[in-house]
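S.K.: model.pdb (PDB, C-alpha atoms and all ligand atoms) pasted underneath:
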ATOM      1  CA  MET A   1      69.958  66.059 111.001  1.00  0.00           C
ATOM      2  CA  LYS A   2      71.291  67.978 108.052  1.00  0.00           C
ATOM      3  CA  PHE A   3      70.412  71.246 109.813  1.00  0.00           C
ATOM      4  CA  ASN A   4      72.249  70.189 112.980  1.00  0.00           C
ATOM      5  CA  ARG A   5      75.377  69.418 110.996  1.00  0.00           C
ATOM      6  CA  LEU A   6      75.183  72.877 109.445  1.00  0.00           C
ATOM      7  CA  ALA A   7      74.619  74.531 112.809  1.00  0.00           C
ATOM      8  CA  LEU A   8      77.575  72.669 114.276  1.00  0.00           C
ATOM      9  CA  THR A   9      79.806  73.674 111.379  1.00  0.00           C
ATOM     10  CA  ALA A  10      78.733  77.299 111.774  1.00  0.00           C
ATOM     11  CA  ALA A  11      79.398  77.216 115.528  1.00  0.00           C
ATOM     12  CA  LEU A  12      82.835  75.691 115.000  1.00  0.00           C
ATOM     13  CA  ALA A  13      83.659  78.246 112.327  1.00  0.00           C
ATOM     14  CA  ALA A  14      82.547  81.086 114.621  1.00  0.00           C
ATOM     15  CA  ALA A  15      84.677  79.726 117.475  1.00  0.00           C
ATOM     16  CA  PHE A  16      87.652  79.329 115.184  1.00  0.00           C
ATOM     17  CA  PHE A  17      87.565  82.844 113.799  1.00  0.00           C
ATOM     18  CA  SER A  18      86.565  84.731 116.917  1.00  0.00           C
ATOM     19  CA  VAL A  19      88.885  86.906 118.978  1.00  0.00           C
ATOM     20  CA  PRO A  20      88.322  85.884 122.618  1.00  0.00           C
ATOM     21  CA  GLY A  21      85.825  88.198 124.272  1.00  0.00           C
ATOM     22  CA  ALA A  22      85.904  90.740 121.462  1.00  0.00           C
ATOM     23  CA  LYS A  23      83.749  89.443 118.647  1.00  0.00           C
ATOM     24  CA  ALA A  24      82.031  92.464 117.146  1.00  0.00           C
ATOM     25  CA  ALA A  25      79.122  92.166 114.739  1.00  0.00           C
ATOM     26  CA  PRO A  26      79.632  93.667 111.268  1.00  0.00           C
ATOM     27  CA  VAL A  27      78.527  97.292 111.256  1.00  0.00           C
ATOM     28  CA  ASP A  28      77.125  99.734 108.717  1.00  0.00           C
ATOM     29  CA  ILE A  29      80.066 102.002 107.967  1.00  0.00           C
ATOM     30  CA  GLY A  30      78.229 104.037 105.345  1.00  0.00           C
ATOM     31  CA  VAL A  31      79.865 102.355 102.352  1.00  0.00           C
ATOM     32  CA  VAL A  32      78.066 101.220  99.206  1.00  0.00           C
ATOM     33  CA  ASP A  33      79.350  99.141  96.301  1.00  0.00           C
ATOM     34  CA  ASP A  34      79.064 100.060  92.609  1.00  0.00           C
ATOM     35  CA  GLY A  35      75.439  98.912  92.578  1.00  0.00           C
ATOM     36  CA  GLY A  36      74.523 101.139  95.537  1.00  0.00           C
ATOM     37  CA  LYS A  37      74.258  98.220  97.941  1.00  0.00           C
ATOM     38  CA  ALA A  38      75.535  98.742 101.519  1.00  0.00           C
ATOM     39  CA  ILE A  39      78.571  96.667 102.487  1.00  0.00           C
ATOM     40  CA  LEU A  40      78.869  96.039 106.224  1.00  0.00           C
ATOM     41  CA  GLY A  41      82.337  96.149 107.777  1.00  0.00           C
ATOM     42  CA  ASP A  42      83.738  93.485 110.101  1.00  0.00           C
ATOM     43  CA  ALA A  43      86.369  95.139 112.297  1.00  0.00           C
ATOM     44  CA  ASP A  44      87.730  91.790 113.533  1.00  0.00           C
ATOM     45  CA  HIS A  45      88.544  90.657 110.029  1.00  0.00           C
ATOM     46  CA  GLY A  46      89.704  94.203 109.279  1.00  0.00           C
ATOM     47  CA  ALA A  47      92.404  93.762 111.929  1.00  0.00           C
ATOM     48  CA  ILE A  48      93.807  90.936 109.822  1.00  0.00           C
ATOM     49  CA  VAL A  49      93.560  92.960 106.602  1.00  0.00           C
ATOM     50  CA  PHE A  50      95.329  95.830 108.405  1.00  0.00           C
ATOM     51  CA  HIS A  51      98.505  93.711 108.564  1.00  0.00           C
ATOM     52  CA  LYS A  52      99.018  94.734 104.927  1.00  0.00           C
ATOM     53  CA  CYS A  53      98.914  98.414 105.934  1.00  0.00           C
ATOM     54  CA  MET A  54     101.129  97.989 109.018  1.00  0.00           C
ATOM     55  CA  VAL A  55     104.257  97.786 106.883  1.00  0.00           C
ATOM     56  CA  CYS A  56     103.803 101.554 106.484  1.00  0.00           C
ATOM     57  CA  HIS A  57     101.069 102.741 108.867  1.00  0.00           C
ATOM     58  CA  SER A  58     100.299 102.724 112.577  1.00  0.00           C
ATOM     59  CA  ILE A  59      96.790 103.026 114.022  1.00  0.00           C
ATOM     60  CA  GLN A  60      98.251 104.819 117.060  1.00  0.00           C
ATOM     61  CA  ALA A  61      97.753 108.561 117.243  1.00  0.00           C
ATOM     62  CA  GLY A  62     100.896 110.555 116.522  1.00  0.00           C
ATOM     63  CA  VAL A  63     102.891 107.597 115.190  1.00  0.00           C
ATOM     64  CA  ASN A  64     104.025 108.054 111.597  1.00  0.00           C
ATOM     65  CA  HIS A  65     106.123 105.526 109.706  1.00  0.00           C
ATOM     66  CA  ILE A  66     106.530 105.457 105.912  1.00  0.00           C
ATOM     67  CA  GLY A  67     102.879 106.552 105.860  1.00  0.00           C
ATOM     68  CA  PRO A  68     101.017 108.863 108.249  1.00  0.00           C
ATOM     69  CA  SER A  69      99.208 107.620 111.372  1.00  0.00           C
ATOM     70  CA  LEU A  70      95.777 106.307 110.403  1.00  0.00           C
ATOM     71  CA  HIS A  71      94.310 107.073 113.819  1.00  0.00           C
ATOM     72  CA  GLY A  72      91.124 109.040 113.192  1.00  0.00           C
ATOM     73  CA  VAL A  73      91.616 109.012 109.421  1.00  0.00           C
ATOM     74  CA  VAL A  74      87.914 108.442 108.697  1.00  0.00           C
ATOM     75  CA  GLY A  75      86.487 111.936 108.240  1.00  0.00           C
ATOM     76  CA  ARG A  76      89.934 113.582 108.174  1.00  0.00           C
ATOM     77  CA  HIS A  77      91.028 115.970 105.443  1.00  0.00           C
ATOM     78  CA  SER A  78      93.784 114.543 103.206  1.00  0.00           C
ATOM     79  CA  GLY A  79      97.301 115.534 104.135  1.00  0.00           C
ATOM     80  CA  SER A  80      96.376 116.911 107.560  1.00  0.00           C
ATOM     81  CA  ILE A  81      98.954 115.268 109.851  1.00  0.00           C
ATOM     82  CA  ALA A  82     101.174 118.286 110.522  1.00  0.00           C
ATOM     83  CA  ASN A  83     104.478 116.490 111.080  1.00  0.00           C
ATOM     84  CA  PHE A  84     104.159 114.046 108.176  1.00  0.00           C
ATOM     85  CA  HIS A  85     105.795 114.907 104.867  1.00  0.00           C
ATOM     86  CA  TYR A  86     103.084 114.216 102.278  1.00  0.00           C
ATOM     87  CA  SER A  87     103.417 114.283  98.513  1.00  0.00           C
ATOM     88  CA  ALA A  88     101.925 117.359  96.891  1.00  0.00           C
ATOM     89  CA  ALA A  89      99.512 115.006  95.118  1.00  0.00           C
ATOM     90  CA  ASN A  90      97.986 113.835  98.386  1.00  0.00           C
ATOM     91  CA  LYS A  91      98.187 117.127 100.193  1.00  0.00           C
ATOM     92  CA  ASN A  92      96.523 119.094  97.397  1.00  0.00           C
ATOM     93  CA  SER A  93      93.934 116.457  96.480  1.00  0.00           C
ATOM     94  CA  GLY A  94      91.209 118.196  98.470  1.00  0.00           C
ATOM     95  CA  ILE A  95      89.827 114.833  99.564  1.00  0.00           C
ATOM     96  CA  VAL A  96      87.979 114.403 102.835  1.00  0.00           C
ATOM     97  CA  TRP A  97      88.504 110.773 103.815  1.00  0.00           C
ATOM     98  CA  THR A  98      84.934 109.643 104.317  1.00  0.00           C
ATOM     99  CA  ALA A  99      84.494 105.874 104.584  1.00  0.00           C
ATOM    100  CA  GLN A 100      83.227 105.845 100.999  1.00  0.00           C
ATOM    101  CA  LYS A 101      86.258 107.777  99.719  1.00  0.00           C
ATOM    102  CA  ILE A 102      88.679 105.424 101.493  1.00  0.00           C
ATOM    103  CA  PHE A 103      86.718 102.478 100.079  1.00  0.00           C
ATOM    104  CA  VAL A 104      87.259 103.714  96.501  1.00  0.00           C
ATOM    105  CA  TYR A 105      90.843 104.864  97.198  1.00  0.00           C
ATOM    106  CA  LEU A 106      91.996 101.499  98.550  1.00  0.00           C
ATOM    107  CA  GLN A 107      90.968  99.692  95.386  1.00  0.00           C
ATOM    108  CA  ALA A 108      93.631 101.605  93.407  1.00  0.00           C
ATOM    109  CA  PRO A 109      95.321 104.419  95.361  1.00  0.00           C
ATOM    110  CA  GLN A 110      97.312 105.750  92.369  1.00  0.00           C
ATOM    111  CA  LYS A 111      94.127 105.986  90.326  1.00  0.00           C
ATOM    112  CA  MET A 112      92.321 108.234  92.791  1.00  0.00           C
ATOM    113  CA  VAL A 113      95.419 110.242  93.770  1.00  0.00           C
ATOM    114  CA  PRO A 114      97.794 110.211  90.770  1.00  0.00           C
ATOM    115  CA  GLY A 115     101.329 110.854  91.984  1.00  0.00           C
ATOM    116  CA  THR A 116     100.726 109.688  95.558  1.00  0.00           C
ATOM    117  CA  LYS A 117     103.747 108.229  97.286  1.00  0.00           C
ATOM    118  CA  MET A 118     101.618 105.466  98.770  1.00  0.00           C
ATOM    119  CA  THR A 119     103.173 102.648  96.765  1.00  0.00           C
ATOM    120  CA  PHE A 120     100.493 100.097  97.581  1.00  0.00           C
ATOM    121  CA  PRO A 121      98.702  98.395  94.682  1.00  0.00           C
ATOM    122  CA  GLY A 122      95.363  98.248  96.488  1.00  0.00           C
ATOM    123  CA  LEU A 123      92.901  95.755  97.913  1.00  0.00           C
ATOM    124  CA  PRO A 124      90.873  94.173  95.090  1.00  0.00           C
ATOM    125  CA  ALA A 125      88.199  92.630  97.355  1.00  0.00           C
ATOM    126  CA  ALA A 126      85.436  95.090  98.294  1.00  0.00           C
ATOM    127  CA  GLN A 127      84.770  93.186 101.525  1.00  0.00           C
ATOM    128  CA  ASP A 128      88.413  93.513 102.643  1.00  0.00           C
ATOM    129  CA  ARG A 129      88.211  97.266 102.043  1.00  0.00           C
ATOM    130  CA  ALA A 130      84.994  97.598 104.068  1.00  0.00           C
ATOM    131  CA  ASP A 131      86.453  95.460 106.862  1.00  0.00           C
ATOM    132  CA  VAL A 132      89.667  97.462 107.167  1.00  0.00           C
ATOM    133  CA  ILE A 133      87.637 100.703 107.295  1.00  0.00           C
ATOM    134  CA  ALA A 134      85.521  99.224 110.121  1.00  0.00           C
ATOM    135  CA  TYR A 135      88.805  98.414 111.894  1.00  0.00           C
ATOM    136  CA  LEU A 136      90.127 101.962 111.400  1.00  0.00           C
ATOM    137  CA  GLU A 137      86.910 103.408 112.841  1.00  0.00           C
ATOM    138  CA  ALA A 138      86.725 101.001 115.772  1.00  0.00           C
ATOM    139  CA  ASN A 139      90.331 101.692 116.767  1.00  0.00           C
ATOM    140  CA  SER A 140      90.323 105.472 116.448  1.00  0.00           C
ATOM    141  CA  LYS A 141      88.324 106.237 119.592  1.00  0.00           C
TER     142      LYS A 141
HETATM  143  C1  LIG B 201     104.105 100.752 101.076  1.00  0.00           C
HETATM  144  C2  LIG B 201     103.643 101.610 102.143  1.00  0.00           C
HETATM  145  C3  LIG B 201     102.140 101.738 102.345  1.00  0.00           C
HETATM  146  C4  LIG B 201     101.204 100.737 102.495  1.00  0.00           C
HETATM  147  C5  LIG B 201     101.425  99.240 102.476  1.00  0.00           C
HETATM  148  C6  LIG B 201      99.946 101.403 102.729  1.00  0.00           C
HETATM  149  N1  LIG B 201     100.098 102.756 102.714  1.00  0.00           N
HETATM  150 FE1  LIG B 201      98.677 104.170 102.993  1.00  0.00          FE
HETATM  151  N2  LIG B 201     100.022 105.650 102.688  1.00  0.00           N
HETATM  152  C7  LIG B 201     101.375 105.462 102.489  1.00  0.00           C
HETATM  153  C8  LIG B 201     102.017 106.742 102.259  1.00  0.00           C
HETATM  154  C9  LIG B 201     103.509 106.977 101.996  1.00  0.00           C
HETATM  155  C10 LIG B 201     100.999 107.707 102.339  1.00  0.00           C
HETATM  156  C11 LIG B 201     101.139 109.213 102.107  1.00  0.00           C
HETATM  157  C12 LIG B 201     100.795 109.432 100.642  1.00  0.00           C
HETATM  158  C13 LIG B 201     101.250 110.747 100.044  1.00  0.00           C
HETATM  159  O1  LIG B 201     101.650 111.673 100.761  1.00  0.00           O
HETATM  160  O2  LIG B 201     101.209 110.817  98.791  1.00  0.00           O
HETATM  161  C14 LIG B 201      99.757 106.991 102.609  1.00  0.00           C
HETATM  162  C15 LIG B 201      98.518 107.591 102.756  1.00  0.00           C
HETATM  163  C16 LIG B 201      97.351 106.937 103.115  1.00  0.00           C
HETATM  164  C17 LIG B 201      96.081 107.569 103.342  1.00  0.00           C
HETATM  165  C18 LIG B 201      95.809 109.071 103.264  1.00  0.00           C
HETATM  166  C19 LIG B 201      96.115 109.651 104.637  1.00  0.00           C
HETATM  167  C20 LIG B 201      96.090 111.144 104.749  1.00  0.00           C
HETATM  168  O3  LIG B 201      96.340 111.639 105.880  1.00  0.00           O
HETATM  169  O4  LIG B 201      95.839 111.860 103.763  1.00  0.00           O
HETATM  170  C21 LIG B 201      95.196 106.595 103.695  1.00  0.00           C
HETATM  171  C22 LIG B 201      93.730 106.748 104.030  1.00  0.00           C
HETATM  172  C23 LIG B 201      95.921 105.345 103.661  1.00  0.00           C
HETATM  173  N3  LIG B 201      97.222 105.594 103.296  1.00  0.00           N
HETATM  174  C24 LIG B 201      95.368 104.110 103.990  1.00  0.00           C
HETATM  175  C25 LIG B 201      96.039 102.895 103.866  1.00  0.00           C
HETATM  176  C26 LIG B 201      95.466 101.601 104.191  1.00  0.00           C
HETATM  177  C27 LIG B 201      94.087 101.399 104.825  1.00  0.00           C
HETATM  178  C28 LIG B 201      96.390 100.654 103.863  1.00  0.00           C
HETATM  179  C29 LIG B 201      96.249  99.158 103.936  1.00  0.00           C
HETATM  180  C30 LIG B 201      95.133  98.571 103.218  1.00  0.00           C
HETATM  181  C31 LIG B 201      97.568 101.355 103.374  1.00  0.00           C
HETATM  182  N4  LIG B 201      97.323 102.697 103.401  1.00  0.00           N
HETATM  183  C32 LIG B 201      98.749 100.748 102.958  1.00  0.00           C
HETATM  184  C33 LIG B 201     102.036 104.246 102.453  1.00  0.00           C
HETATM  185  C34 LIG B 201     101.438 103.004 102.491  1.00  0.00           C
END
Give the structure from the file, written as structure tokens.
Ligand code: HEC

M.R.:
Amino acid sequence: MKFNRLALTAALAAAFFSVPGAKAAPVDIGVVDDGGKAILGDADHGAIVFHKCMVCHSIQAGVNHIGPSLHGVVGRHSGSIANFHYSAANKNSGIVWTAQKIFVYLQAPQKMVPGTKMTFPGLPAAQDRADVIAYLEANSK
């Protein structure tokens, strides 16, 4: 009885949070936390987290706003969108945006790239960071 209640609650929660026809399972995006433990990324939840980035960024290729397009950013060299005017700090950082690098960056962008013009305080929750990276990857194909 108790189990059935739990199962029902889980099913209702899944139905409530799912995007119709597009529920993707969390995937291994190659990110580990401070303790070396893998954190899976949920692209569906990442789409919600991405609303915080959308003030400045588009996921569409070739579309720059206040920030550069984030289409294909995972694996990209920092400052490599030719028609976007980066800060010298970002452009000369020498960073290759692996999932792990973005994961650390998004916690405190100004800490990893001092002088960056990305005036975003960061995402404190590790899971939100992993989820938004899964979203970036899933929507860059
Ligand atoms: C207030 C505006 C703003 C917000 C919000 C913002 N960014 Fe940015 N972002 C920028 C700007 C501006 C740059 C360029 C930084 C520079 O040149 O110093 C940037 C750069 C980046 C870069 C480096 C890109 C490259 O080509 O080198 C990544 C990755 C990134 N942002 C991810 C994100 C993600 C993910 C979010 C949401 C969690 C986010 N940003 C939220 C403005 C913003």

S.K.: Identify the residues around (101.2, 104.7, 103.7) within a radius of 10 Å, measuring from only C-alpha atoms in the coordinates stated by the file, and give them as an NGL selection string.

M.R.: :A and (53-58 or 64-70 or 86 or 116-120)

S.K.: Let me see the file: selected residues, C-alpha atoms, as a short mmCIF file (atom, residue, chain, number, x, y, z; two decimals), in the frame of the given file.

M.R.:
data_model
loop_
_atom_site.label_atom_id
_atom_site.label_comp_id
_atom_site.auth_asym_id
_atom_site.auth_seq_id
_atom_site.Cartn_x
_atom_site.Cartn_y
_atom_site.Cartn_z
CA CYS A 53 98.91 98.41 105.93
CA MET A 54 101.13 97.99 109.02
CA VAL A 55 104.26 97.79 106.88
CA CYS A 56 103.80 101.55 106.48
CA HIS A 57 101.07 102.74 108.87
CA SER A 58 100.30 102.72 112.58
CA ASN A 64 104.02 108.05 111.60
CA HIS A 65 106.12 105.53 109.71
CA ILE A 66 106.53 105.46 105.91
CA GLY A 67 102.88 106.55 105.86
CA PRO A 68 101.02 108.86 108.25
CA SER A 69 99.21 107.62 111.37
CA LEU A 70 95.78 106.31 110.40
CA TYR A 86 103.08 114.22 102.28
CA THR A 116 100.73 109.69 95.56
CA LYS A 117 103.75 108.23 97.29
CA MET A 118 101.62 105.47 98.77
CA THR A 119 103.17 102.65 96.76
CA PHE A 120 100.49 100.10 97.58
#

S.K.: What residues have any atom no more than 9 Å from ligand LIG 201 (chain B) when counting only C-alpha atoms and all ligand atoms, and can you list them as an MDAnalysis selection string?

M.R.: chainID A and resid 49:57 65:70 73:74 76:81 84:91 93 95:97 101:103 105:107 109 113:123 128:129 132:133 136

S.K.: For the selection you just gave me, I'd like the residues written to a file as a JSON list (two decimals), keeping the file's coordinate frame, keeping C-alpha atoms.

M.R.:
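The resulting file, again-v8.json, is shown below:
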[["chain", "number", "residue", "atom", "x", "y", "z"],
["A", 49, "VAL", "CA", 93.56, 92.96, 106.60],
["A", 50, "PHE", "CA", 95.33, 95.83, 108.40],
["A", 51, "HIS", "CA", 98.50, 93.71, 108.56],
["A", 52, "LYS", "CA", 99.02, 94.73, 104.93],
["A", 53, "CYS", "CA", 98.91, 98.41, 105.93],
["A", 54, "MET", "CA", 101.13, 97.99, 109.02],
["A", 55, "VAL", "CA", 104.26, 97.79, 106.88],
["A", 56, "CYS", "CA", 103.80, 101.55, 106.48],
["A", 57, "HIS", "CA", 101.07, 102.74, 108.87],
["A", 65, "HIS", "CA", 106.12, 105.53, 109.71],
["A", 66, "ILE", "CA", 106.53, 105.46, 105.91],
["A", 67, "GLY", "CA", 102.88, 106.55, 105.86],
["A", 68, "PRO", "CA", 101.02, 108.86, 108.25],
["A", 69, "SER", "CA", 99.21, 107.62, 111.37],
["A", 70, "LEU", "CA", 95.78, 106.31, 110.40],
["A", 73, "VAL", "CA", 91.62, 109.01, 109.42],
["A", 74, "VAL", "CA", 87.91, 108.44, 108.70],
["A", 76, "ARG", "CA", 89.93, 113.58, 108.17],
["A", 77, "HIS", "CA", 91.03, 115.97, 105.44],
["A", 78, "SER", "CA", 93.78, 114.54, 103.21],
["A", 79, "GLY", "CA", 97.30, 115.53, 104.14],
["A", 80, "SER", "CA", 96.38, 116.91, 107.56],
["A", 81, "ILE", "CA", 98.95, 115.27, 109.85],
["A", 84, "PHE", "CA", 104.16, 114.05, 108.18],
["A", 85, "HIS", "CA", 105.80, 114.91, 104.87],
["A", 86, "TYR", "CA", 103.08, 114.22, 102.28],
["A", 87, "SER", "CA", 103.42, 114.28, 98.51],
["A", 88, "ALA", "CA", 101.92, 117.36, 96.89],
["A", 89, "ALA", "CA", 99.51, 115.01, 95.12],
["A", 90, "ASN", "CA", 97.99, 113.84, 98.39],
["A", 91, "LYS", "CA", 98.19, 117.13, 100.19],
["A", 93, "SER", "CA", 93.93, 116.46, 96.48],
["A", 95, "ILE", "CA", 89.83, 114.83, 99.56],
["A", 96, "VAL", "CA", 87.98, 114.40, 102.84],
["A", 97, "TRP", "CA", 88.50, 110.77, 103.82],
["A", 101, "LYS", "CA", 86.26, 107.78, 99.72],
["A", 102, "ILE", "CA", 88.68, 105.42, 101.49],
["A", 103, "PHE", "CA", 86.72, 102.48, 100.08],
["A", 105, "TYR", "CA", 90.84, 104.86, 97.20],
["A", 106, "LEU", "CA", 92.00, 101.50, 98.55],
["A", 107, "GLN", "CA", 90.97, 99.69, 95.39],
["A", 109, "PRO", "CA", 95.32, 104.42, 95.36],
["A", 113, "VAL", "CA", 95.42, 110.24, 93.77],
["A", 114, "PRO", "CA", 97.79, 110.21, 90.77],
["A", 115, "GLY", "CA", 101.33, 110.85, 91.98],
["A", 116, "THR", "CA", 100.73, 109.69, 95.56],
["A", 117, "LYS", "CA", 103.75, 108.23, 97.29],
["A", 118, "MET", "CA", 101.62, 105.47, 98.77],
["A", 119, "THR", "CA", 103.17, 102.65, 96.76],
["A", 120, "PHE", "CA", 100.49, 100.10, 97.58],
["A", 121, "PRO", "CA", 98.70, 98.40, 94.68],
["A", 122, "GLY", "CA", 95.36, 98.25, 96.49],
["A", 123, "LEU", "CA", 92.90, 95.76, 97.91],
["A", 128, "ASP", "CA", 88.41, 93.51, 102.64],
["A", 129, "ARG", "CA", 88.21, 97.27, 102.04],
["A", 132, "VAL", "CA", 89.67, 97.46, 107.17],
["A", 133, "ILE", "CA", 87.64, 100.70, 107.30],
["A", 136, "LEU", "CA", 90.13, 101.96, 111.40]]

S.K.: Between CA of Ala43 (chain A) and CA of Asn83 (chain A), what is the distance, to one decimal in Å?

M.R.: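 CA of Asn83 (chain A) lies 28.0 Å from CA of Ala43 (chain A).
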
S.K.: Taking all atoms of region 31-46 of chain A that the file lists, what box with edges along x, y and z, padded by 8 Å per side, do you get, with centre and edge lengths in Å to one decimal, as JSON?

M.R.:
{"center_x": 82.0, "center_y": 96.5, "center_z": 103.1, "size_x": 31.4, "size_y": 27.7, "size_z": 37.0}

S.K.: Kindly extract all protein, DNA and RNA residues lying within 12 Å of the coordinates (76.6, 102.1, 100.5) given in the file, considering all atoms listed in the file, and supply them as a count of residues only.

M.R.: 23

S.K.: What is the CA of Pro124 (chain A)-CA of Pro26 (chain A) distance in Å, reported with one decimal?

M.R.: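 Value for the CA of Pro124 (chain A)-CA of Pro26 (chain A) distance: 19.7 Å.
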
S.K.: Where does the PyMOL selection byres (((chain A and resi 141) around 9) and not hetatm) land in this file, that is, which residues does it pick, as JSON, numbers by chain?

M.R.: {"A": [71, 72, 137, 138, 139, 140]}

S.K.: Quick one: distance from CA of Lys111 (chain A) to CA of Ala134 (chain A) in Å, one decimal?

M.R.: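 CA of Ala134 (chain A) lies at a distance of 22.6 Å from CA of Lys111 (chain A).
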
S.K.: Nearest residue to Asp131 (chain A) out of A:Ala47, A:Met112, A:Val63, A:Gly94, using all atoms listed in the file?

M.R.: A:Ala47
